[in-house]
$ cat query14.txt   # compact mmCIF, C-alpha atoms
# COMPACT_ATOMS: atom_id res chain seq x y z
CA MET A 1 10.37 156.01 109.36
CA ALA A 2 7.64 157.88 111.18
CA ARG A 3 9.98 160.84 111.50
CA VAL A 4 10.16 161.11 107.74
CA GLU A 5 6.41 161.11 107.33
CA ASP A 6 6.16 163.91 109.89
CA GLN A 7 8.20 166.10 107.63
CA HIS A 8 5.82 165.83 104.74
CA LYS A 9 3.95 169.04 105.39
CA SER A 10 3.33 169.26 101.68
CA GLN A 11 0.76 166.49 102.25
CA GLU A 12 -1.31 168.85 104.34
CA MET A 13 -1.03 171.50 101.67
CA GLY A 14 -2.60 169.17 99.12
CA LEU A 15 0.42 169.00 96.85
CA HIS A 16 0.09 165.24 96.63
CA ASP A 17 -3.35 165.36 95.07
CA GLU A 18 -1.70 166.03 91.74
CA GLN A 19 -1.18 162.83 89.79
CA LEU A 20 2.01 162.77 87.78
CA THR A 21 2.05 160.75 84.62
CA GLY A 22 5.51 159.20 84.56
CA ARG A 23 6.29 156.42 82.16
CA THR A 24 7.15 153.18 83.90
CA GLN A 25 7.96 150.10 81.93
CA GLN A 26 8.17 147.01 84.04
CA MET A 27 10.39 144.70 82.12
CA TYR A 28 10.40 141.08 83.14
CA PHE A 29 13.68 139.76 81.88
CA ARG A 30 15.27 136.38 82.42
CA VAL A 31 18.90 135.83 81.62
CA GLU A 32 18.37 132.12 81.04
CA GLY A 33 18.74 131.36 77.36
CA GLU A 34 20.78 134.50 76.71
CA GLU A 35 24.23 133.94 75.26
CA GLU A 36 27.05 135.80 76.97
CA ARG A 37 27.76 138.95 75.01
CA PHE A 38 29.43 142.18 76.01
CA GLN A 39 28.10 144.66 73.49
CA LYS A 40 24.77 145.68 72.04
CA PRO A 41 23.48 143.76 69.03
CA PHE A 42 23.84 146.80 66.76
CA ASP A 43 27.34 147.84 67.91
CA ILE A 44 30.15 147.94 65.37
CA GLU A 45 32.66 145.11 65.80
CA VAL A 46 36.12 146.61 66.26
CA ASP A 47 39.49 145.13 67.10
CA PHE A 48 41.68 147.17 69.46
CA ASP A 49 44.78 145.66 67.81
CA LYS A 50 43.76 146.96 64.38
CA LYS A 51 45.21 150.49 64.18
CA ALA A 52 44.76 153.45 61.85
CA GLU A 53 45.85 157.08 61.66
CA ILE A 54 44.15 160.27 60.45
CA ASP A 55 45.97 163.51 59.67
CA ALA A 56 43.40 166.19 60.54
CA GLU A 57 45.44 169.18 59.38
CA ASN A 58 43.42 169.80 56.22
CA LEU A 59 40.13 168.26 57.36
CA SER A 60 37.15 169.88 59.06
CA ALA A 61 35.87 168.46 62.36
CA THR A 62 32.91 166.89 60.54
CA GLU A 63 35.23 165.20 58.06
CA VAL A 64 37.40 163.85 60.88
CA ASN A 65 34.38 162.45 62.73
CA ARG A 66 33.11 160.81 59.54
CA GLU A 67 36.54 159.30 58.86
CA ILE A 68 36.66 157.86 62.38
CA LYS A 69 33.28 156.22 61.83
CA ARG A 70 34.34 154.84 58.44
CA LEU A 71 37.43 153.28 59.99
CA MET A 72 35.32 151.77 62.76
CA MET A 73 33.06 150.19 60.14
CA ASP A 74 36.20 148.58 58.73
CA GLY A 75 36.98 147.14 62.16
CA TYR A 76 39.69 149.54 63.31
CA GLY A 77 39.57 149.73 67.10
CA THR A 78 42.51 152.06 67.73
CA ILE A 79 42.61 155.35 65.84
CA ASN A 80 45.23 158.10 66.20
CA ILE A 81 44.40 161.62 65.07
CA LYS A 82 47.39 163.80 64.25
CA ASN A 83 47.25 167.60 64.03
CA PRO A 84 43.76 168.11 65.51
CA GLY A 85 44.57 171.83 65.53
CA ALA A 86 42.21 172.68 68.42
CA LYS A 87 39.19 172.38 66.14
CA HIS A 88 35.80 172.36 67.86
CA SER A 89 33.48 169.33 68.20
CA MET A 90 36.03 166.64 67.46
CA GLY A 91 35.48 163.04 68.59
CA VAL A 92 31.80 163.59 69.33
CA GLY A 93 28.92 161.12 69.42
CA PHE A 94 30.63 157.72 69.31
CA LEU A 95 28.50 155.05 70.98
CA ASN A 96 30.88 152.15 70.65
CA ARG A 97 33.99 150.70 72.25
CA LEU A 98 37.01 152.33 70.66
CA ASN A 99 40.50 153.64 71.45
CA LEU A 100 40.82 157.20 70.20
CA ASN A 101 44.05 159.17 70.58
CA PHE A 102 44.36 162.87 69.76
CA GLU A 103 47.95 164.05 69.35
CA GLY A 104 47.41 167.71 70.19
CA SER A 105 44.70 169.98 71.56
CA LEU A 106 40.93 170.17 71.01
CA GLY A 107 38.63 173.20 70.88
CA TYR A 108 35.12 173.55 72.33
CA PHE A 109 32.78 170.60 72.91
CA GLY A 110 35.43 167.93 72.28
CA CYS A 111 34.58 164.30 73.07
CA GLY A 112 30.95 165.04 73.96
CA LEU A 113 28.07 162.55 73.84
CA LEU A 114 30.37 159.54 74.14
CA ASP A 115 29.10 156.12 75.19
CA GLY A 116 31.95 153.62 75.31
CA PRO A 117 35.22 154.94 73.82
CA ASN A 118 38.50 155.42 75.65
CA VAL A 119 40.02 158.73 74.57
CA ASN A 120 43.43 160.26 75.22
CA VAL A 121 44.24 163.88 74.42
CA THR A 122 47.89 164.85 74.69
CA GLY A 123 47.18 168.60 74.72
CA ARG A 124 44.51 170.89 76.15
CA VAL A 125 40.75 171.11 75.60
CA GLY A 126 38.36 174.07 75.43
CA TRP A 127 34.94 174.56 76.97
CA SER A 128 32.55 171.70 77.63
CA CYS A 129 34.80 168.72 77.03
CA GLY A 130 33.01 165.42 77.75
CA GLU A 131 29.61 167.05 77.87
CA ASN A 132 26.81 164.49 78.30
CA MET A 133 29.29 161.63 78.37
CA MET A 134 27.61 158.30 79.16
CA SER A 135 30.42 155.78 79.58
CA GLY A 136 34.07 155.17 78.74
CA ARG A 137 37.11 157.23 79.62
CA VAL A 138 38.51 160.58 78.46
CA VAL A 139 41.96 161.59 79.70
CA ILE A 140 43.33 165.08 79.03
CA GLU A 141 47.04 165.43 79.72
CA LYS A 142 46.93 169.22 80.25
CA ASN A 143 44.33 171.85 81.18
CA ALA A 144 40.62 172.07 80.32
CA GLY A 145 38.24 175.02 79.94
CA SER A 146 34.99 175.81 81.71
CA THR A 147 32.00 173.48 82.09
CA PHE A 148 34.24 170.42 81.95
CA GLY A 149 31.95 167.35 82.03
CA ALA A 150 28.72 169.35 81.98
CA ALA A 151 25.65 167.13 82.44
CA MET A 152 27.89 164.06 82.41
CA ARG A 153 26.08 160.78 83.21
CA GLY A 154 28.76 158.11 83.39
CA GLY A 155 32.36 157.10 82.75
CA ASP A 156 35.60 158.76 83.80
CA LEU A 157 36.60 162.25 82.68
CA VAL A 158 40.13 163.23 83.68
CA ALA A 159 42.07 166.47 83.29
CA LYS A 160 45.59 166.10 84.64
CA GLY A 161 45.98 169.87 84.69
CA SER A 162 43.58 172.52 85.94
CA VAL A 163 39.99 173.18 84.85
CA GLY A 164 37.82 176.27 84.53
CA SER A 165 34.66 177.33 86.29
CA ARG A 166 31.42 175.34 86.57
CA THR A 167 33.19 172.02 86.17
CA GLY A 168 30.65 169.19 86.41
CA ILE A 169 27.69 171.55 86.26
CA ASP A 170 24.52 169.46 86.41
CA GLN A 171 26.57 166.25 86.67
CA LYS A 172 24.28 163.21 86.86
CA GLY A 173 26.80 160.41 87.22
CA GLY A 174 30.31 159.21 86.47
CA THR A 175 33.59 160.49 87.85
CA ILE A 176 35.42 163.74 87.12
CA ILE A 177 39.07 163.87 88.17
CA VAL A 178 41.09 167.10 88.17
CA GLY A 179 44.83 166.91 88.75
CA GLY A 180 45.19 170.66 89.35
CA ASP A 181 42.88 173.43 90.48
CA ALA A 182 39.18 173.89 89.68
CA GLY A 183 37.40 177.21 89.12
CA ALA A 184 34.40 178.84 90.76
CA PHE A 185 31.06 177.04 91.02
CA THR A 186 32.58 173.61 90.50
CA GLY A 187 29.90 170.98 91.13
CA PHE A 188 27.13 173.54 90.60
CA MET A 189 23.74 171.79 90.72
CA MET A 190 25.45 168.40 90.85
CA GLN A 191 22.87 165.63 91.05
CA ARG A 192 24.83 162.40 91.23
CA GLY A 193 28.31 161.01 90.55
CA ARG A 194 31.69 161.79 92.04
CA MET A 195 34.36 164.45 91.62
CA ILE A 196 37.99 164.32 92.74
CA ILE A 197 40.01 167.55 92.81
CA LEU A 198 43.66 167.26 93.75
CA GLY A 199 44.38 170.99 93.77
CA ASP A 200 42.50 173.99 95.15
CA THR A 201 38.94 175.02 94.36
CA GLY A 202 37.42 178.45 93.66
CA LYS A 203 34.38 180.10 95.18
CA ASN A 204 31.04 178.38 95.76
CA LEU A 205 32.10 174.77 95.50
CA GLY A 206 29.12 172.42 95.17
CA ASP A 207 26.61 175.25 95.12
CA THR A 208 23.04 173.91 95.23
CA MET A 209 24.19 170.35 94.79
CA TYR A 210 21.38 167.81 95.15
CA ASP A 211 23.52 164.74 95.65
CA GLY A 212 26.85 163.18 94.71
CA LEU A 213 30.30 163.37 96.27
CA ILE A 214 33.18 165.82 95.91
CA TYR A 215 36.65 165.03 97.26
CA VAL A 216 39.16 167.87 97.49
CA ALA A 217 42.85 167.59 98.37
CA GLY A 218 43.75 171.30 98.32
CA LYS A 219 42.30 174.47 99.76
CA ILE A 220 38.62 175.30 99.34
CA LYS A 221 37.91 178.98 98.79
CA ASP A 222 34.38 178.57 100.10
CA LEU A 223 31.39 176.26 99.90
CA GLY A 224 28.24 177.05 97.97
CA VAL A 225 24.71 176.82 99.31
CA ASP A 226 23.81 173.41 100.80
CA CYS A 227 27.28 171.86 100.31
CA VAL A 228 28.61 170.35 103.53
CA GLU A 229 31.65 168.43 104.72
CA THR A 230 31.04 164.84 105.73
CA GLU A 231 32.98 161.90 107.12
CA MET A 232 35.45 159.98 104.97
CA THR A 233 34.97 156.20 105.25
CA ASP A 234 37.39 153.34 104.58
CA LEU A 235 35.44 152.56 101.40
CA ASP A 236 35.96 156.15 100.24
CA LYS A 237 39.71 155.91 100.83
CA HIS A 238 39.97 152.56 99.09
CA TRP A 239 37.95 153.78 96.12
CA LEU A 240 39.96 157.02 95.82
CA GLN A 241 43.28 155.17 95.91
CA ASN A 242 42.11 152.75 93.24
CA LYS A 243 40.67 155.46 90.99
CA LEU A 244 43.66 157.79 91.17
CA SER A 245 46.21 155.03 90.60
CA GLN A 246 44.51 154.19 87.29
CA TYR A 247 45.58 157.56 85.95
CA GLY A 248 48.98 157.81 87.61
CA LEU A 249 47.73 160.48 90.03
CA GLU A 250 48.23 160.86 93.76
CA ALA A 251 46.65 163.01 96.43
CA PRO A 252 49.38 165.44 97.60
CA ASN A 253 48.83 164.63 101.28
CA GLY A 254 47.30 161.18 100.90
CA VAL A 255 43.67 160.29 100.28
CA GLU A 256 42.99 160.04 104.01
CA ASN A 257 43.56 163.79 104.33
CA MET A 258 41.18 164.79 101.54
CA THR A 259 37.98 166.64 102.32
CA LYS A 260 34.73 164.86 101.45
CA LEU A 261 31.76 167.03 100.56
CA THR A 262 28.18 166.22 99.80
CA SER A 263 24.77 167.81 99.78
CA GLY A 264 23.37 168.96 103.09
CA LYS A 265 19.92 168.29 101.61
CA LYS A 266 18.40 171.27 103.34
CA LEU A 267 17.08 172.35 99.96
CA TRP A 268 16.22 168.81 98.99
CA ASN A 269 12.54 168.37 98.20
CA TYR A 270 12.47 165.15 96.24
CA ASP A 271 10.72 163.35 99.08
CA ASN A 272 7.64 165.46 98.55
CA LEU A 273 6.89 163.92 95.21
CA GLU A 274 8.55 160.61 95.67
CA PRO A 275 7.82 157.92 94.54
CA THR A 276 6.00 159.22 91.49
CA GLU A 277 8.63 161.79 90.57
CA LYS A 278 11.51 159.34 90.44
CA LYS A 279 9.94 157.71 87.41
CA LEU A 280 10.33 160.98 85.57
CA ILE A 281 13.72 162.21 86.63
CA LEU A 282 16.05 159.23 86.90
CA MET B 283 9.71 130.53 94.92
CA THR B 284 12.21 130.02 97.71
CA GLU B 285 11.65 130.92 101.31
CA LYS B 286 14.27 133.69 101.15
CA SER B 287 12.60 135.51 98.28
CA GLN B 288 9.35 135.64 100.27
CA GLU B 289 10.98 137.87 102.86
CA ASP B 290 9.90 141.48 103.07
CA ILE B 291 12.05 143.28 100.53
CA ASP B 292 11.53 146.56 102.33
CA ARG B 293 13.25 145.21 105.40
CA TYR B 294 16.32 147.30 104.55
CA LEU B 295 14.22 150.44 104.87
CA LYS B 296 12.91 149.52 108.29
CA GLY B 297 15.86 148.27 110.29
CA ASP B 298 19.43 149.31 110.92
CA GLU B 299 20.86 147.36 107.99
CA GLY B 300 21.13 148.16 104.29
CA VAL B 301 20.03 151.53 103.03
CA ASP B 302 19.01 153.05 106.35
CA SER B 303 22.38 154.75 106.37
CA GLU B 304 24.16 157.05 108.78
CA HIS B 305 23.77 159.80 106.25
CA GLU B 306 20.01 159.44 106.41
CA GLN B 307 20.18 159.55 110.19
CA TRP B 308 22.31 162.66 110.01
CA ILE B 309 20.06 164.61 107.69
CA GLY B 310 16.98 163.40 109.54
CA ARG B 311 15.09 162.12 106.55
CA HIS B 312 14.88 159.16 104.26
CA ILE B 313 16.67 159.47 100.94
CA GLY B 314 14.02 159.35 98.29
CA TYR B 315 15.40 156.79 95.90
CA ARG B 316 15.19 154.06 98.55
CA TYR B 317 18.87 153.34 98.37
CA ASP B 318 21.95 155.31 99.24
CA VAL B 319 23.15 156.78 95.96
CA ASN B 320 26.43 157.66 97.62
CA LEU B 321 27.29 154.03 98.17
CA LEU B 322 30.62 153.35 96.50
CA PRO B 323 31.18 149.93 94.93
CA ASP B 324 33.24 147.41 96.84
CA TYR B 325 35.40 145.81 94.16
CA SER B 326 36.12 142.74 96.24
CA ARG B 327 32.52 141.73 95.48
CA ILE B 328 32.67 142.06 91.70
CA THR B 329 31.15 139.13 89.78
CA PRO B 330 33.10 137.13 87.14
CA PHE B 331 30.74 138.33 84.39
CA LEU B 332 31.25 141.99 85.27
CA GLN B 333 35.01 141.50 85.35
CA LYS B 334 34.91 140.00 81.84
CA TYR B 335 32.69 142.86 80.64
CA ILE B 336 35.01 145.63 81.84
CA ASP B 337 38.04 143.76 80.44
CA PHE B 338 36.32 143.55 77.06
CA MET B 339 35.51 147.28 77.08
CA GLY B 340 39.10 148.17 77.96
CA TRP B 341 38.20 149.73 81.30
CA GLU B 342 39.96 149.29 84.61
CA ASP B 343 36.94 149.55 86.86
CA LEU B 344 33.16 149.46 86.70
CA ASN B 345 33.06 152.78 84.83
CA TRP B 346 29.45 153.93 84.34
CA LEU B 347 28.13 150.96 86.29
CA GLU B 348 29.38 152.55 89.51
CA ASP B 349 26.15 154.54 89.48
CA VAL B 350 23.92 151.50 89.07
CA HIS B 351 22.18 150.24 92.21
CA MET B 352 19.48 147.77 93.07
CA GLY B 353 16.36 149.78 93.66
CA TYR B 354 12.75 148.95 94.32
CA GLU B 355 9.85 149.50 92.01
CA GLU B 356 6.32 148.93 93.18
CA GLY B 357 7.42 146.64 95.99
CA ARG B 358 9.81 144.54 93.95
CA PRO B 359 13.59 144.70 93.57
CA ALA B 360 14.51 146.24 90.23
CA VAL B 361 17.27 148.05 88.37
CA PHE B 362 16.69 151.21 86.40
CA ASP B 363 17.61 151.16 82.69
CA ARG B 364 18.22 154.73 81.52
CA ASN B 365 18.06 153.66 77.87
CA ILE B 366 14.38 152.74 78.10
CA ASN B 367 13.48 154.98 81.03
CA GLY B 368 12.05 151.94 82.75
CA TRP B 369 12.74 149.35 85.44
CA VAL B 370 14.05 145.88 84.86
CA THR B 371 12.39 143.79 87.53
CA VAL B 372 14.35 141.02 89.19
CA PRO B 373 12.66 137.63 88.63
CA GLU B 374 10.56 136.55 91.59
CA ASP B 375 12.44 133.33 92.23
CA TRP B 376 15.86 134.96 92.57
CA ASP B 377 17.49 134.93 95.97
CA LEU B 378 18.76 138.37 96.78
CA PRO B 379 22.03 138.67 98.72
CA ASP B 380 21.74 140.04 102.23
CA ASN B 381 23.77 143.22 101.72
CA GLN B 382 23.57 146.24 99.45
CA GLN B 383 26.99 145.79 97.82
CA ASP B 384 26.19 142.30 96.52
CA ARG B 385 22.70 143.35 95.49
CA ASP B 386 24.22 146.23 93.49
CA MET B 387 26.65 143.88 91.72
CA LEU B 388 23.71 141.64 90.81
CA ALA B 389 21.81 144.69 89.52
CA ARG B 390 24.78 145.72 87.33
CA GLU B 391 25.14 142.25 85.86
CA LEU B 392 21.42 142.02 85.12
CA LEU B 393 21.44 145.44 83.47
CA VAL B 394 24.42 144.68 81.21
CA LYS B 395 22.86 141.37 80.14
CA PHE B 396 19.54 143.07 79.46
CA GLN B 397 21.05 145.94 77.48
CA ASN B 398 23.11 143.56 75.36
CA SER B 399 20.23 141.22 74.69
CA GLU B 400 18.52 140.87 71.31
CA ARG B 401 15.28 141.28 73.30
CA HIS B 402 16.13 144.78 74.49
CA PRO B 403 13.51 147.31 73.25
CA LEU B 404 16.23 149.47 71.70
CA VAL B 405 16.82 146.78 69.08
CA ASP B 406 13.31 147.25 67.71
CA LEU B 407 13.43 151.02 68.16
CA LYS B 408 16.65 151.24 66.21
CA LYS B 409 15.15 149.29 63.34
CA ALA B 410 12.11 151.53 63.33
CA TYR B 411 13.66 154.94 63.79
CA LYS B 412 17.33 154.73 62.79
CA LYS B 413 18.30 157.76 60.73
CA PHE B 414 22.04 157.36 60.31

$ encode --input "query14.txt" --output "structure tokens"
Amino acid sequence: MARVEDQHKSQEMGLHDEQLTGRTQQMYFRVEGEEERFQKPFDIEVDFDKKAEIDAENLSATEVNREIKRLMMDGYGTINIKNPGAKHSMGVGFLNRLNLNFEGSLGYFGCGLLDGPNVNVTGRVGWSCGENMMSGRVVIEKNAGSTFGAAMRGGDLVAKGSVGSRTGIDQKGGTIIVGGDAGAFTGFMMQRGRMIILGDTGKNLGDTMYDGLIYVAGKIKDLGVDCVETEMTDLDKHWLQNKLSQYGLEAPNGVENMTKLTSGKKLWNYDNLEPTEKKLIL
Amino acid sequence: MTEKSQEDIDRYLKGDEGVDSEHEQWIGRHIGYRYDVNLLPDYSRITPFLQKYIDFMGWEDLNWLEDVHMGYEEGRPAVFDRNINGWVTVPEDWDLPDNQQDRDMLARELLVKFQNSERHPLVDLKKAYKKF
């Protein structure tokens, strides 16, 4: 690793004299004595087989979200929402396992801040669907607007149709799957996670991406700054096949012919402050 | 402590195995997080506990846990818990598997068990600060 150390010219410039004050909590945890449980102690107990329905036609988004939570408290694990009417901010902020089905379209900021639920939307969604999603699965049967999966951290976010510009902007984890085309600046400032695009992409794909992976099946208009093509491995192909088959999707010319893109790391300066910085940013 | 756990845990950073990946060779520098964040999970190595967990959640794969890897914190193997912004350190007497994929599966299992434990710090925080 001597070669790496040689690159640290910032050392000579004195940048490393600054002491960062990151918060590190070393937790010593032993699993012995722990009973086997699959959810957090404060999660709501729901039963996927217990089903309920909400007609959202005459309800506001806030009232719908409150009704979903009330049903969850009563143990309903599968909730269908009829007539969502493309209202904004529906299905937001649920931190629990849950099956949520929207029969129609959603407006802006639908299904954001989720941590656990599996959501199906039979229609379209507006801007910023799945923003800040932590875990679970959101499947959109049709198209999605711009900033799809912005700042997403985990889980699967799927649009079977096309998506707008800046899809996955600032993505920090999880998987975004697009069945159709993706707009300009897709993967802009991507930090971690994976993106699969089965159609074509617009200008500046992966611009200024720090890390993560983008797989594209169609044509790429052009690559953004520091986004480079890299070699597809057998593990990539296996993972892609498995992931796409979950959602009934296929790469038009097979996964082996997809293009794999990642960060060239020419603009990557994390090493300069590592290891202290990682305590702050992860 | 077993003989295996006394081995140098940074050995994967020094040799040709583990995290000293082709990608690092290609870009000519070490990736800062001390593991290859682009490493995709090999599902043939999934543990029985993790399989039960994803079945319970109604998922078909590791979902958010795909991004969880075994890292190193202050010279010890550890897994990062985003909920507490801190590292869960692997007990000293644990034998670590000899490849990154198995180590990552172990890290995921440890993290799920920790997050779902009554002893997780969020349990106390929720009692103290819960608003809704």

$ interface_residues --input "query14.txt" --of "chain B" --to "chain A" --cutoff "9 Å" --atoms "all atoms listed in the file" --output "PyMOL selection string"
chain B and resi 295-296+305+309-315+319-325+331+334-336+338-349+355+360+362+364+366-373+392+394-401+405+408

$ closest_residue --input "query14.txt" --among "A:Lys87, A:Lys219, A:Lys203, A:Lys260" --to "Met232 (chain A)" --atoms "all atoms listed in the file"
A:Lys260

$ residues_near_point --input "query14.txt" --point "(31.0, 162.4, 60.3)" --cutoff "12 Å" --atoms "only C-alpha atoms" --output "VMD selection string"
(chain A and resid 59 to 72 89 to 94) or (chain B and resid 414)

$ residues_around --input "query14.txt" --residues "Asp55 (chain A)" --least-positions-apart "4" --cutoff "8 Å" --atoms "all atoms listed in the file" --output "mmCIF file with C-alpha atoms, keeping the file's coordinate frame"
data_model
loop_
_atom_site.group_PDB
_atom_site.id
_atom_site.type_symbol
_atom_site.label_atom_id
_atom_site.label_comp_id
_atom_site.auth_asym_id
_atom_site.auth_seq_id
_atom_site.Cartn_x
_atom_site.Cartn_y
_atom_site.Cartn_z
ATOM 1 C CA LEU A 59 40.130 168.260 57.360
ATOM 2 C CA ILE A 81 44.400 161.620 65.070
ATOM 3 C CA LYS A 82 47.390 163.800 64.250
ATOM 4 C CA ASN A 83 47.250 167.600 64.030
ATOM 5 C CA PRO A 84 43.760 168.110 65.510
#

$ axis_aligned_box --input "query14.txt" --around "region 319-335 of chain B" --padding-each-side "8 Å" --output "JSON"
{"center_x": 29.6, "center_y": 147.4, "center_z": 89.4, "size_x": 29.0, "size_y": 36.5, "size_z": 33.5}
